[in-house]
Structures are given as C-alpha cells and as structure tokens.
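Colleague: Structure: entry_35.cif, mmCIF, C-alpha atoms and all ligand atoms.
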data_input
#
loop_
_atom_site.label_atom_id
_atom_site.label_comp_id
_atom_site.auth_asym_id
_atom_site.auth_seq_id
_atom_site.Cartn_x
_atom_site.Cartn_y
_atom_site.Cartn_z
CA MET A 1 71.40 126.65 128.75
CA LYS A 2 69.67 128.22 125.75
CA ILE A 3 72.09 131.15 125.97
CA LEU A 4 75.07 129.00 126.73
CA LEU A 5 74.75 126.74 123.73
CA PRO A 6 75.69 129.24 121.01
CA ILE A 7 78.64 130.36 123.11
CA LEU A 8 79.80 126.81 123.58
CA LYS A 9 79.31 126.17 119.91
CA THR A 10 81.44 129.16 118.93
CA LEU A 11 84.11 128.19 121.41
CA PHE A 12 84.18 124.71 120.01
CA TYR A 13 84.60 125.99 116.49
CA PHE A 14 87.53 128.10 117.57
CA ILE A 15 89.21 125.23 119.32
CA ILE A 16 88.76 122.99 116.31
CA ALA A 17 89.85 125.65 113.82
CA GLY A 18 92.88 126.42 115.95
CA TYR A 19 93.70 122.77 116.31
CA SER A 20 93.38 122.16 112.63
CA LEU A 21 95.69 125.04 111.74
CA ASN A 22 98.17 123.84 114.27
CA ALA A 23 98.10 120.33 112.91
CA SER A 24 98.57 121.42 109.32
CA ALA A 25 101.52 123.49 110.35
CA GLY A 26 102.99 120.30 111.73
CA ASN A 27 102.99 119.97 115.48
CA THR A 28 106.21 118.64 116.82
CA PHE A 29 106.45 115.67 119.03
CA SER A 30 107.54 117.59 122.13
CA GLU A 31 104.13 118.14 123.79
CA HIS A 32 103.70 114.54 124.87
CA SER A 33 107.17 113.11 124.68
CA ASN A 34 107.43 113.06 128.46
CA ASN A 35 104.62 110.52 128.46
CA THR A 36 106.91 107.52 128.33
CA ASN A 37 104.46 104.81 129.32
CA LEU A 38 102.48 105.23 126.11
CA SER A 39 103.52 103.52 122.93
CA LEU A 40 104.78 105.94 120.30
CA GLY A 41 101.74 105.29 118.09
CA LYS A 42 99.35 105.99 120.91
CA THR A 43 101.23 109.14 121.86
CA LEU A 44 101.18 110.47 118.33
CA TYR A 45 97.55 109.54 117.87
CA THR A 46 96.62 111.22 121.15
CA GLN A 47 98.46 114.32 120.11
CA HIS A 48 97.22 114.63 116.55
CA CYS A 49 93.98 112.71 116.18
CA THR A 50 92.13 112.21 119.48
CA ALA A 51 90.58 115.68 119.53
CA CYS A 52 88.50 114.80 116.49
CA HIS A 53 88.40 111.01 116.24
CA GLY A 54 88.22 110.18 119.96
CA SER A 55 90.77 108.38 122.10
CA THR A 56 89.50 104.96 121.07
CA GLY A 57 88.58 105.97 117.53
CA ASP A 58 84.87 106.10 118.22
CA GLY A 59 84.55 109.43 116.42
CA GLY A 60 83.45 112.90 117.35
CA VAL A 61 84.13 115.75 115.02
CA GLY A 62 85.77 113.19 112.79
CA VAL A 63 84.17 109.96 111.62
CA PRO A 64 84.80 106.80 113.68
CA LEU A 65 87.98 104.89 112.89
CA SER A 66 87.35 101.84 115.07
CA LEU A 67 84.29 100.31 113.43
CA PRO A 68 84.94 96.77 112.12
CA ASP A 69 83.24 97.52 108.79
CA PHE A 70 85.48 100.55 108.27
CA GLN A 71 88.63 98.67 109.22
CA ALA A 72 87.67 95.76 106.96
CA ASN A 73 87.09 98.21 104.09
CA ILE A 74 90.32 100.17 104.06
CA SER A 75 93.95 99.28 103.43
CA ASN A 76 96.94 100.71 105.27
CA GLU A 77 97.77 102.67 102.10
CA TYR A 78 94.37 104.36 102.37
CA LEU A 79 95.15 105.36 105.95
CA ARG A 80 98.64 106.54 105.03
CA ASN A 81 97.42 108.67 102.13
CA THR A 82 94.52 110.06 104.14
CA ILE A 83 96.85 111.16 106.93
CA ARG A 84 99.29 112.73 104.46
CA LEU A 85 96.79 114.41 102.14
CA GLY A 86 93.95 115.15 104.56
CA ARG A 87 90.71 116.31 103.03
CA PRO A 88 91.40 119.75 101.48
CA ASP A 89 88.60 122.23 102.27
CA ARG A 90 87.15 119.89 104.89
CA VAL A 91 88.04 119.61 108.58
CA MET A 92 90.50 116.72 108.28
CA PRO A 93 93.99 118.30 108.15
CA ALA A 94 96.92 117.10 106.04
CA PHE A 95 99.79 115.89 108.23
CA LYS A 96 102.66 116.70 105.94
CA THR A 97 105.45 116.94 108.45
CA LEU A 98 105.00 113.67 110.35
CA SER A 99 107.82 111.29 109.45
CA LYS A 100 107.09 108.14 107.53
CA SER A 101 107.69 106.00 110.59
CA ASP A 102 105.45 108.22 112.75
CA VAL A 103 102.63 107.66 110.26
CA THR A 104 103.27 103.91 110.38
CA GLU A 105 103.09 104.02 114.19
CA ILE A 106 99.77 105.85 114.05
CA ILE A 107 98.41 103.31 111.57
CA THR A 108 99.46 100.42 113.79
CA TYR A 109 97.74 102.10 116.68
CA ILE A 110 94.51 102.68 114.70
CA ARG A 111 94.58 98.98 113.75
CA SER A 112 94.63 98.07 117.45
CA PHE A 113 91.10 99.52 117.78
CA SER A 114 89.71 96.45 116.07
CA ASN A 115 90.91 92.91 115.42
CA THR A 116 89.52 92.85 111.89
CA PRO A 117 92.00 91.40 109.37
CA ILE A 118 93.73 94.18 107.40
CA PRO A 119 92.65 94.14 103.75
CA LYS A 120 95.23 94.41 100.97
CA GLU A 121 95.11 97.32 98.55
CA ILE A 122 93.29 96.26 95.34
CA SER A 123 93.81 98.85 92.65
CA THR A 124 91.97 97.45 89.62
CA THR A 125 89.84 100.03 87.82
CA ILE A 126 86.08 99.54 87.94
CA LYS A 127 84.34 100.44 84.71
CA GLY A 128 80.76 101.64 84.77
CA ASN A 129 78.45 104.08 83.07
CA VAL A 130 79.00 107.57 84.48
CA THR A 131 75.66 108.96 83.25
CA SER A 132 73.69 106.16 84.85
CA GLY A 133 75.87 106.50 87.97
CA LYS A 134 74.97 110.17 88.19
CA LYS A 135 71.26 109.34 88.20
CA LEU A 136 71.63 106.59 90.77
CA PHE A 137 73.76 108.84 92.95
CA LYS A 138 71.11 111.54 92.91
CA GLN A 139 68.49 108.99 93.85
CA HIS A 140 70.30 107.07 96.59
CA CYS A 141 73.27 109.07 97.86
CA ALA A 142 72.84 112.80 97.34
CA SER A 143 70.53 113.23 100.34
CA CYS A 144 73.51 112.52 102.61
CA HIS A 145 76.65 113.02 100.52
CA GLY A 146 75.40 116.14 98.72
CA ALA A 147 74.22 116.71 95.14
CA THR A 148 77.76 116.49 93.78
CA GLY A 149 79.40 114.47 96.52
CA GLU A 150 80.45 117.49 98.56
CA GLY A 151 79.54 115.81 101.87
CA SER A 152 77.42 117.07 104.77
CA LYS A 153 77.46 120.79 105.33
CA GLY A 154 79.48 122.45 108.03
CA THR A 155 82.43 121.22 109.97
CA GLY A 156 80.83 118.05 111.18
CA VAL A 157 80.35 119.42 114.68
CA THR A 158 77.46 117.55 116.26
CA PHE A 159 75.50 120.52 117.65
CA SER A 160 73.70 121.36 114.44
CA ARG A 161 73.37 117.81 113.18
CA PRO A 162 69.99 116.12 113.30
CA ARG A 163 69.95 113.42 115.97
CA ASN A 164 69.16 110.66 113.52
CA LEU A 165 72.39 111.39 111.63
CA PRO A 166 75.02 111.18 114.33
CA ILE A 167 77.87 110.89 111.85
CA MET A 168 78.29 113.39 109.10
CA SER A 169 78.65 112.10 105.59
CA PRO A 170 82.19 112.43 104.21
CA ALA A 171 82.86 114.36 101.03
CA LEU A 172 83.25 111.94 98.14
CA ASN A 173 84.28 114.52 95.54
CA ASN A 174 87.21 115.51 97.70
CA LEU A 175 90.61 115.24 96.02
CA GLY A 176 92.19 113.92 99.23
CA PHE A 177 89.59 111.17 99.41
CA LEU A 178 89.79 110.30 95.73
CA ALA A 179 93.58 110.15 95.80
CA SER A 180 93.45 107.80 98.81
CA ALA A 181 90.54 105.53 97.91
CA THR A 182 90.72 102.78 95.30
CA ASP A 183 87.67 101.92 93.17
CA HIS A 184 87.51 98.63 95.03
CA MET A 185 87.35 100.36 98.42
CA ILE A 186 84.57 102.70 97.25
CA LYS A 187 82.65 99.76 95.86
CA GLN A 188 82.99 97.71 99.05
CA ALA A 189 81.77 100.67 101.12
CA ILE A 190 78.63 100.84 98.96
CA VAL A 191 78.08 97.07 98.78
CA LEU A 192 78.57 96.35 102.48
CA GLY A 193 77.84 99.70 104.10
CA ARG A 194 79.23 100.48 107.54
CA ARG A 195 77.24 98.95 110.35
CA GLY A 196 76.87 101.35 113.26
CA THR A 197 76.67 104.36 110.92
CA PRO A 198 73.95 105.81 108.67
CA MET A 199 75.81 104.30 105.69
CA VAL A 200 73.78 101.18 104.88
CA SER A 201 74.53 98.29 102.53
CA PHE A 202 73.18 99.25 99.12
CA LYS A 203 73.37 95.68 97.99
CA LYS A 204 70.76 94.92 100.64
CA GLN A 205 68.84 97.98 99.43
CA GLY A 206 68.55 96.24 96.07
CA LEU A 207 71.19 97.94 93.91
CA SER A 208 72.73 95.54 91.37
CA ASP A 209 76.44 94.99 90.89
CA SER A 210 76.37 97.00 87.67
CA ASP A 211 74.41 99.83 89.33
CA ILE A 212 77.14 100.02 91.95
CA ASN A 213 79.88 99.99 89.30
CA ASP A 214 78.10 102.91 87.62
CA ILE A 215 78.07 104.84 90.89
CA VAL A 216 81.76 104.11 91.50
CA SER A 217 82.57 105.46 88.02
CA TYR A 218 80.53 108.56 88.73
CA ILE A 219 82.38 109.17 92.01
CA ARG A 220 85.71 108.60 90.25
CA HIS A 221 84.81 111.10 87.53
CA PHE A 222 84.94 113.94 90.09
CA GLN A 223 88.68 113.52 90.05
CA ARG A 224 88.89 114.18 86.33
CA SER A 225 86.75 117.28 86.35
CA LYS A 226 87.90 118.82 89.62
CA PRO A 227 91.65 119.28 89.26
CA SER A 228 91.15 120.53 85.75
CA THR A 229 88.66 123.12 86.99
CA ILE A 230 91.25 124.43 89.40
CA LYS A 231 94.02 124.39 86.83
CA GLN A 232 91.75 125.96 84.27
CA ASN A 233 91.50 129.20 86.18
CA LEU A 234 95.01 129.92 85.02
CA SER A 235 95.48 127.94 81.88
CA PRO A 236 94.90 129.76 78.57
CA ILE A 237 93.05 126.71 77.28
CA ILE A 238 90.18 124.80 78.84
CA SER A 239 90.68 121.19 77.83
CA TYR A 240 88.86 117.96 78.65
CA GLU A 241 89.02 114.40 77.40
CA SER A 242 85.76 112.84 76.26
CA ASP A 243 84.92 109.15 76.54
CA TYR A 244 82.40 109.54 73.72
CA SER A 245 83.15 109.30 70.00
CA LEU A 246 83.89 112.45 68.02
CA THR A 247 80.38 112.55 66.53
CA GLU A 248 78.70 111.89 69.86
CA THR A 249 80.82 114.50 71.60
CA ILE A 250 79.91 117.13 68.99
CA ALA A 251 76.21 116.28 69.34
CA ASN A 252 76.50 116.43 73.14
CA ILE A 253 78.20 119.85 73.04
CA LYS A 254 75.47 121.23 70.80
CA ARG A 255 72.75 119.84 73.02
CA ALA A 256 74.41 121.21 76.17
CA ALA A 257 74.89 124.67 74.58
CA VAL A 258 71.26 124.83 73.44
CA GLY A 259 70.26 123.77 76.96
CA LYS A 260 72.11 126.84 78.24
CA ASN A 261 70.19 129.13 75.88
CA PHE A 262 72.80 129.38 73.18
CA LYS A 263 72.09 129.23 69.48
CA ILE A 264 74.34 127.03 67.39
CA ILE A 265 75.70 129.20 64.61
CA ARG A 266 77.69 126.69 62.62
CA THR A 267 79.95 123.67 62.84
CA GLN A 268 82.98 123.49 60.60
CA ASN A 269 86.32 121.77 60.27
CA LEU A 270 89.17 123.58 61.97
CA ASP A 271 91.06 123.96 58.69
CA TYR A 272 88.01 125.22 56.79
CA GLY A 273 89.09 127.81 54.23
CA PHE A 274 92.77 126.90 54.53
CA VAL A 275 92.69 123.69 52.49
CA THR A 276 90.47 122.42 49.72
CA ASP A 277 87.41 120.55 50.97
CA ASP A 278 88.72 117.10 49.98
CA LYS A 279 91.90 117.65 52.05
CA SER A 280 90.02 118.97 55.06
CA ASN A 281 90.49 117.04 58.31
CA ASN A 282 87.05 116.17 59.62
CA LYS A 283 88.50 114.92 62.89
CA GLN A 284 89.04 118.53 63.99
CA VAL A 285 85.81 120.42 64.32
CA ILE A 286 84.82 123.82 65.69
CA ILE A 287 81.34 124.50 66.99
CA TYR A 288 80.32 128.17 67.05
CA PHE A 289 77.47 129.22 69.27
CA CYS A 290 76.12 132.45 70.56
CA ASN A 291 73.77 134.04 72.98
CA PHE A 292 72.95 137.51 71.69
CA LYS A 293 72.35 138.95 75.10
CA LEU A 294 75.84 137.93 76.20
CA LEU A 295 77.33 139.14 72.93
CA ASN A 296 75.69 142.55 73.14
CA SER A 297 76.39 143.13 76.80
CA SER A 298 80.04 142.11 76.41
CA LEU A 299 80.55 144.23 73.31
CA ALA A 300 79.05 147.16 75.17
CA ILE A 301 81.67 146.76 77.89
CA ASP A 302 84.61 146.42 75.54
CA PRO A 303 84.53 145.90 71.76
CA ARG A 304 87.74 143.89 71.94
CA VAL A 305 85.75 140.86 73.17
CA GLY A 306 84.78 140.50 69.53
CA MET A 307 88.12 138.69 69.29
CA PHE A 308 86.72 135.68 71.08
CA LEU A 309 83.01 135.86 70.40
CA PRO A 310 80.92 134.08 69.30
CA CYS A 311 81.70 131.25 71.69
CA ARG A 312 83.55 128.38 70.11
CA VAL A 313 84.51 124.92 71.23
CA THR A 314 86.95 122.73 69.33
CA VAL A 315 86.60 118.95 69.29
CA VAL A 316 89.58 116.95 68.07
CA GLU A 317 90.12 113.23 67.61
CA ARG A 318 93.73 112.12 67.70
CA GLN A 319 94.78 108.47 67.87
CA GLY A 320 91.30 107.51 68.94
CA LYS A 321 91.29 110.03 71.80
CA VAL A 322 88.66 112.76 71.73
CA THR A 323 89.59 116.10 73.30
CA VAL A 324 87.32 119.11 73.79
CA MET A 325 88.96 122.52 73.99
CA ALA A 326 88.07 126.16 74.35
CA ILE A 327 90.12 129.24 75.00
CA ASN A 328 89.82 130.46 78.56
CA PRO A 329 88.06 133.84 78.35
CA LEU A 330 89.17 134.64 81.88
CA ARG A 331 92.80 134.38 80.93
CA LEU A 332 92.22 136.61 77.91
CA SER A 333 90.45 139.24 79.96
CA LYS A 334 93.69 139.75 81.90
CA LEU A 335 95.23 141.09 78.70
CA PHE A 336 92.58 143.76 78.49
CA ASN A 337 92.98 145.10 82.00
CA ASN A 338 89.31 145.94 82.34
CA SER A 339 87.74 144.70 85.56
CA GLU A 340 84.21 144.92 84.26
CA LEU A 341 85.17 142.70 81.39
CA GLU A 342 86.82 140.27 83.76
CA HIS A 343 83.44 139.71 85.35
CA SER A 344 81.74 138.70 82.12
CA CYS A 345 84.77 136.68 81.04
CA LYS A 346 84.54 134.69 84.25
CA ALA A 347 80.86 134.07 83.55
CA MET A 348 81.77 132.92 80.06
CA ARG A 349 84.50 130.66 81.35
CA ASP A 350 82.01 129.05 83.76
CA VAL A 351 79.51 128.53 80.94
CA TYR A 352 82.19 126.84 78.80
CA ILE A 353 83.08 124.51 81.65
CA GLU A 354 79.42 123.71 82.34
CA ILE A 355 78.69 122.95 78.71
CA ILE A 356 81.78 120.81 78.23
CA GLU A 357 81.37 118.91 81.50
CA GLU A 358 77.76 118.16 80.67
CA ALA A 359 78.75 117.00 77.20
CA ILE A 360 81.44 114.58 78.34
CA LEU A 361 79.55 113.14 81.30
C1 LIG A 401 71.73 108.16 105.30
C2 LIG A 401 72.92 108.84 104.84
C3 LIG A 401 73.77 108.17 103.78
C4 LIG A 401 73.37 107.71 102.54
C5 LIG A 401 71.97 107.71 101.95
C6 LIG A 401 74.57 107.25 101.88
N1 LIG A 401 75.65 107.42 102.70
FE1 LIG A 401 77.56 106.91 102.27
N2 LIG A 401 78.14 107.42 104.13
C7 LIG A 401 77.33 108.00 105.08
C8 LIG A 401 78.10 108.18 106.30
C9 LIG A 401 77.58 108.82 107.58
C10 LIG A 401 79.38 107.67 106.05
C11 LIG A 401 80.54 107.60 107.03
C12 LIG A 401 80.54 106.25 107.67
C13 LIG A 401 81.68 106.06 108.61
O1 LIG A 401 81.79 106.82 109.55
O2 LIG A 401 82.44 105.11 108.42
C14 LIG A 401 79.37 107.20 104.68
C15 LIG A 401 80.48 106.64 104.04
C16 LIG A 401 80.53 106.40 102.69
C17 LIG A 401 81.73 106.01 101.97
C18 LIG A 401 83.10 105.84 102.57
C19 LIG A 401 83.75 107.20 102.54
C20 LIG A 401 84.93 107.32 103.43
O3 LIG A 401 85.44 108.43 103.59
O4 LIG A 401 85.35 106.31 103.99
C21 LIG A 401 81.39 105.89 100.65
C22 LIG A 401 82.31 105.54 99.50
C23 LIG A 401 79.98 106.19 100.56
N3 LIG A 401 79.49 106.49 101.81
C24 LIG A 401 79.27 106.18 99.39
C25 LIG A 401 77.88 106.28 99.34
C26 LIG A 401 77.11 106.06 98.13
C27 LIG A 401 77.69 105.81 96.77
C28 LIG A 401 75.80 106.16 98.48
C29 LIG A 401 74.59 105.93 97.59
C30 LIG A 401 74.51 104.64 96.94
C31 LIG A 401 75.75 106.50 99.90
N4 LIG A 401 77.03 106.54 100.38
C32 LIG A 401 74.60 106.74 100.61
C33 LIG A 401 76.02 108.35 104.93
C34 LIG A 401 75.20 107.99 103.86
C1 LIG A 402 90.30 118.76 113.23
C2 LIG A 402 89.68 117.47 113.23
C3 LIG A 402 90.46 116.28 112.73
C4 LIG A 402 91.74 115.90 113.08
C5 LIG A 402 92.69 116.59 114.01
C6 LIG A 402 91.97 114.64 112.41
N1 LIG A 402 90.88 114.30 111.67
FE1 LIG A 402 90.70 112.65 110.51
N2 LIG A 402 88.89 113.32 109.83
C7 LIG A 402 88.23 114.42 110.30
C8 LIG A 402 86.98 114.55 109.60
C9 LIG A 402 85.93 115.62 109.84
C10 LIG A 402 86.92 113.49 108.67
C11 LIG A 402 85.79 113.19 107.67
C12 LIG A 402 86.18 113.60 106.27
C13 LIG A 402 85.20 114.54 105.57
O1 LIG A 402 84.77 115.49 106.21
O2 LIG A 402 84.91 114.38 104.40
C14 LIG A 402 88.13 112.73 108.85
C15 LIG A 402 88.48 111.60 108.13
C16 LIG A 402 89.50 110.75 108.44
C17 LIG A 402 89.74 109.47 107.83
C18 LIG A 402 88.88 108.83 106.74
C19 LIG A 402 87.81 108.01 107.39
C20 LIG A 402 86.92 107.28 106.42
O3 LIG A 402 85.77 106.95 106.77
O4 LIG A 402 87.35 107.02 105.30
C21 LIG A 402 90.84 108.93 108.43
C22 LIG A 402 91.47 107.58 108.12
C23 LIG A 402 91.32 109.91 109.39
N3 LIG A 402 90.48 111.00 109.37
C24 LIG A 402 92.43 109.72 110.19
C25 LIG A 402 92.97 110.71 111.01
C26 LIG A 402 94.20 110.57 111.73
C27 LIG A 402 95.05 109.31 111.76
C28 LIG A 402 94.42 111.75 112.37
C29 LIG A 402 95.61 112.13 113.18
C30 LIG A 402 96.92 111.96 112.55
C31 LIG A 402 93.30 112.63 112.05
N4 LIG A 402 92.45 111.95 111.23
C32 LIG A 402 93.14 113.92 112.54
C33 LIG A 402 88.68 115.29 111.27
C34 LIG A 402 89.93 115.27 111.83
#
Write the structure described by the file as structure tokens, please.
Modeller:
Amino acid sequence: MKILLPILKTLFYFIIAGYSLNASAGNTFSEHSNNTNLSLGKTLYTQHCTACHGSTGDGGVGVPLSLPDFQANISNEYLRNTIRLGRPDRVMPAFKTLSKSDVTEIITYIRSFSNTPIPKEISTTIKGNVTSGKKLFKQHCASCHGATGEGSKGTGVTFSRPRNLPIMSPALNNLGFLASATDHMIKQAIVLGRRGTPMVSFKKQGLSDSDINDIVSYIRHFQRSKPSTIKQNLSPIISYESDYSLTETIANIKRAAVGKNFKIIRTQNLDYGFVTDDKSNNKQVIIYFCNFKLLNSSLAIDPRVGMFLPCRVTVVERQGKVTVMAINPLRLSKLFNNSELEHSCKAMRDVYIEIIEEAIL
C-alpha cells in the first residue's frame, strides 16, 4: 500500500488534469446524450461536474455544493458566473462553451441538492477599512486561506490534506471568485460560516460587524491590485488609484520606499522649473528615491538606465481622485535589448509595485 499510494496519487492528478483540460476546451454533449432517463441538468452535471463535486454535490476534489449553508449563501448569478469564469489558476475550470440554457439546467440541478430557499443577488458595496481588514485577515483567515487569500496549496486532492481539514480552503484573491461574489455574499459567508466545513461563523468567534466589513473590503481590494499587476507587465506606465488624500499618499509612498531600503532624494512639483513657483501645481508631485546599490549595479550593466534612475513616483490629484504612477522599467528595458538589464528592470518594476501597493493599502 505504501508503494501504491504515490502511484495512485500521480494517476489521480493525471485524470484530474486531463479532465480539467477537456472541460475547458468545452466537452460536447454527445457522451451522455443517449442517457435519456436523466434530466438534462443532471446529465450535464454528471458529465461536467461530478468528477470533482460528487454526484450529489457532496464534494471531492471540488468543494461541496449541496450544503444548506452554501446554498443559502449564494445566488444563481454567483453559480452562473462561477461556471462561466471558473477559478483561473485553480482546479475549477471555466465552462465557456456551455450554452446559456445548459448552464441554467445545471444550476437548477444543483439547487435540487438542497431545499434551502434561493437567495437574491444583493450587490450593495460594503465599505470598510482595508488596513484593519488586512490585519484581521492575517489573524483569523490566513492560516486556511493563505497569507494573501491564495487558498490552500495544491490541487485540493485529499491525499496530502491533513485529516482535520477535509475541505480545502478556496482562493479568495482569485479573479473568478471576486467577479462572481458580491460583497454581501462574502460577508454572509464570514458571519454565518458553513456548517459541515472548517469554515466557522466568525460572528460566533467574536468578530464585530465592522471587523467583518473591514475584512470584506480587504478581500475586495485584491481585485483592484491583481488585474492591474497583470496588465502592468505590458503597460508603459504603472498606475494605481489611492483612497488616501494627496498628502497622505505622498507620506505613505515615502514610508514604503524607506521601508524597502531606499533613500528619499527629493520631492518636487511635476512642473518644477517650467513655471514660476507661484504658478506651480502642487497637486502633481514627483518623489525621487534611490538605492545606491541598485543604481550602481544597473549602471554597470548599461549606462542607459540613467534615463530612468533614480526611481521616481508621481502622485497626482485630479477632481478629488488621487493617482500614483511610475514608468514601467520592464517595458523600457525592451527598448534596450539587453537581457541582463531586463532582469534588473523586472526587479525594479516589482519594487515599484510593492512600494505603491503598500502605500495605497
Ligand atoms: C479552518 C480553516 C478556515 C478558516 C480559519 C477560515 N476559513 Fe473561510 N473557508 C474555509 C473552507 C474550507 C471553505 C469552503 C467551505 C465550503 O466548502 O463551502 C471556506 C469558505 C470561505 C468563503 C466562501 C468562499 C467560496 O468560494 O464560496 C469565504 C468568503 C471565506 N471562507 C472567508 C473567510 C474569512 C474572511 C476568514 C477569516 C475571518 C476565513 N474564511 C477563515 C476554511 C477556513
Ligand atoms: C476538475 C475539477 C472540477 C470540475 C470539473 C468542476 N469543479 Fe467546481 N470547483 C472545483 C474546485 C477545486 C473548487 C474550489 C475553488 C478553489 O479552489 O478556489 C470549485 C468551486 C466551485 C464552485 C464555488 C463553490 C463555493 O464554495 O463558492 C462552484 C459553484 C462550482 N465549483 C461549480 C461547478 C460546476 C457547476 C461544475 C460543472 C459545470 C464544476 N464546478 C466543475 C473543481 C472542479
């Protein structure tokens, strides 16, 4: 048995990986269409979902779909979006090619697992304090959902999971999840928990309503930082919106840069030197900072990096909205066609993103 287990495990991974690829590519209906005594929803569910979520939705590789607390927590829109978008980079595939009515059939079938009333979608925004939410998340949630909401490690296959955690924790920073879940749904999951799973009620654990709002805002903030991080690989400009005032944002940037071992060189208005001081727009500010080790090592690779060093971040307030921007060193390095330089430009790009994300959190 000791020898068999790893083999079984590997086999299982292959089956799941194969299945998942197949599903993303959009299985057609043909495999089971001869099974006429099954309702269409059941047939489709059996074909596309059973392998992971179990024939009665009691879970397996996927989380359970039949639990009353889950069903009472999620709207049909949540199910529809989850099926369509999947969970990119996780095991749950995106079913892009199922027709709209097929998805509706599957949803109806999933609803038959439980006679819980179907909740309506409530899409009001919940406002909380992201910084406090981050702390609370670290304290109460990170042990299961990961330090930044990335979910349990691995594919969710039970073999390697500790016995006291029979259900893996879903990724909460996942763009598929965030696009499907409303703030209200996330809040209800935290308030009520999901009986029959390791996810307990955090209201019963003593978290206050405002604590929970803070956590919801923190989870929601992943959506703002994540897509921009992906986009920012290619964009010539790294750009984020800040919820803080101009002055606070500038102070936060400086603090974050110093925290990353940079020295602040100077802060000046963007138009400094171009207009007389009394005409200068103090709602557009550049912060220059430097780390001499980075400067020297980059200059040694290619003196042209002098064009974008020292590091600089621009903070602009326009119509009450504060935006933080930096040029994307990675994009610039492409102009230089020097692979060694690309490496340090990528490091610089990552540092910019870390500093800015810390400053706006
Ligand atoms: C002991 C582990 C554990 C802890 C601690 C924990 N969770 Fe969970 N959480 C889970 C599991 C497992 C699930 C999946 C439950 C299911 O199958 O329905 C879950 C589900 C959720 C869901 C629903 C996600 C979805 O895809 O439906 C949210 C939201 C959530 N947790 C947020 C939190 C927050 C916020 C905290 C901290 C306040 C927290 N969890 C703490 C294990 C945990
Ligand atoms: C290859 C395995 C796999 C297949 C096939 C699969 N799922 Fe999933 N599903 C998962 C996993 C794993 C998760 C947990 C998400 C995570 O890892 O963050 C999940 C999550 C979900 C969720 C969110 C549950 C929650 O707690 O919020 C729903 C709803 C869902 N799946 C429905 C379906 C439906 C419907 C199908 C068929 C059309 C399907 N899944 C097919 C693996 C799968």
Colleague: Just to confirm, what's the straight-line distance from atom CA of A:Asp183 to atom CA of A:Leu98 in Å (one decimal)?
Modeller: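 Atom CA of A:Leu98 lies at a distance of 27.1 Å from atom CA of A:Asp183.
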Colleague: All residues within 6 Å of ligand LIG 401 (chain A) are required, counting only C-alpha atoms and all ligand atoms; please report them as a list in words.
Modeller: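 So, counting only C-alpha atoms and all ligand atoms, the residues near ligand LIG 401 (chain A) are Val63, Pro64, Phe70, Phe137, His140, Cys141, Ser143, Cys144, Ile167, Met168, Ser169, Pro170, Ile186, Ala189, Ile190, Arg194, Thr197, Pro198, Met199, Phe202 and Ile215 of chain A.
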Colleague: Please report the interatomic distance between atom CA of A:Ser235 and atom CA of A:Ala171 in Å with one decimal.
Modeller: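 Between atom CA of A:Ser235 and atom CA of A:Ala171 the gap works out to 26.7 Å.
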Colleague: Which residue gives the smallest distance to ligand LIG 402 (chain A) among A:Phe289, A:Tyr78, A:Tyr272, A:Phe262, with all atoms listed in the file counted?
Modeller: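 With all atoms listed in the file as the atom set, the closest residue is A:Tyr78.
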Colleague: Kindly work out which residues sit at most 8 Å from ligand LIG 402 (chain A), using only C-alpha atoms and all ligand atoms, and give the list as JSON, numbers by chain.
Modeller: {"A": [16, 17, 19, 20, 23, 44, 45, 47, 48, 49, 50, 51, 52, 53, 61, 62, 63, 64, 65, 70, 74, 78, 79, 80, 82, 83, 86, 87, 90, 91, 92, 93, 95, 103, 106, 107, 110, 150, 151, 152, 155, 156, 168, 169, 170, 171, 172, 174, 177]}
Colleague: In Å, how far is it from atom CA of A:Thr125 to atom CA of A:Thr249?
Modeller: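 We find that atom CA of A:Thr125 and atom CA of A:Thr249 lie 23.5 Å from each other.
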Colleague: Using all atoms listed in the file, pick whichever of A:Asn281, A:Ser75, A:Asn269, A:Ser239 has the shortest atom-to-atom distance to A:Arg349.
Modeller: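 Once distances to A:Arg349 are computed over all atoms listed in the file, the minimum belongs to A:Ser239.
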Colleague: Quick one: residues within 12 Å of A:Asn282, only C-alpha atoms, excluding same-chain residues fewer than 6 positions away - as a count of residues only?
Modeller: 15
Colleague: Compare A:Lys254, A:Lys100, A:Arg111, A:Asn81 by their minimum atom-to-atom distance to A:Lys42, counting all atoms listed in the file, and give me the closest one.
Modeller: A:Arg111
Colleague: List the neighbours of A:Asn213 out to 9 Å using only C-alpha atoms; skip same-chain residues closer than 5 positions along the sequence, and give me the result as a list in words.
Modeller: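 Surrounding residues, per the criterion: Ile126, Lys127, Gly128, Asn129, Gly133, Asp183, Lys187, Ser208 and Tyr218 of chain A.
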Colleague: For A:Ala257, which residue out of A:Asn291, A:Ser280, A:Ser201, A:Thr104 is the nearest one, using all atoms listed in the file?
Modeller: A:Asn291
Colleague: Between A:Ser210, A:Ser339, A:Glu105, A:Arg84, which one has atoms that come closest to A:Ser132, using all atoms listed in the file?
Modeller: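 Smallest distance to A:Ser132 is found for A:Ser210.
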Colleague: Pick out the closest residue to A:Ala251 from this set: A:Ile301, A:Ile264, A:Leu85, A:Met325. Count all atoms listed in the file.
Modeller: A:Ile264
Colleague: Give me the residues near A:Ser114 as a ChimeraX atom specification, where near means some atom within 10 Å (using only C-alpha atoms) and where sequence neighbours in that chain fewer than 2 positions away do not count.
Modeller: /A:56-57,65-72,109-112,116-118
Colleague: Residues as selected, C-alpha atoms, written as a compact mmCIF listing (two decimals), keeping the file's coordinate frame, can you do that?
Modeller:
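Saved the output as out28.txt:
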# COMPACT_ATOMS: atom_id res chain seq x y z
CA THR A 56 89.50 104.96 121.07
CA GLY A 57 88.58 105.97 117.53
CA LEU A 65 87.98 104.89 112.89
CA SER A 66 87.35 101.84 115.07
CA LEU A 67 84.29 100.31 113.43
CA PRO A 68 84.94 96.77 112.12
CA ASP A 69 83.24 97.52 108.79
CA PHE A 70 85.48 100.55 108.27
CA GLN A 71 88.63 98.67 109.22
CA ALA A 72 87.67 95.76 106.96
CA TYR A 109 97.74 102.10 116.68
CA ILE A 110 94.51 102.68 114.70
CA ARG A 111 94.58 98.98 113.75
CA SER A 112 94.63 98.07 117.45
CA THR A 116 89.52 92.85 111.89
CA PRO A 117 92.00 91.40 109.37
CA ILE A 118 93.73 94.18 107.40
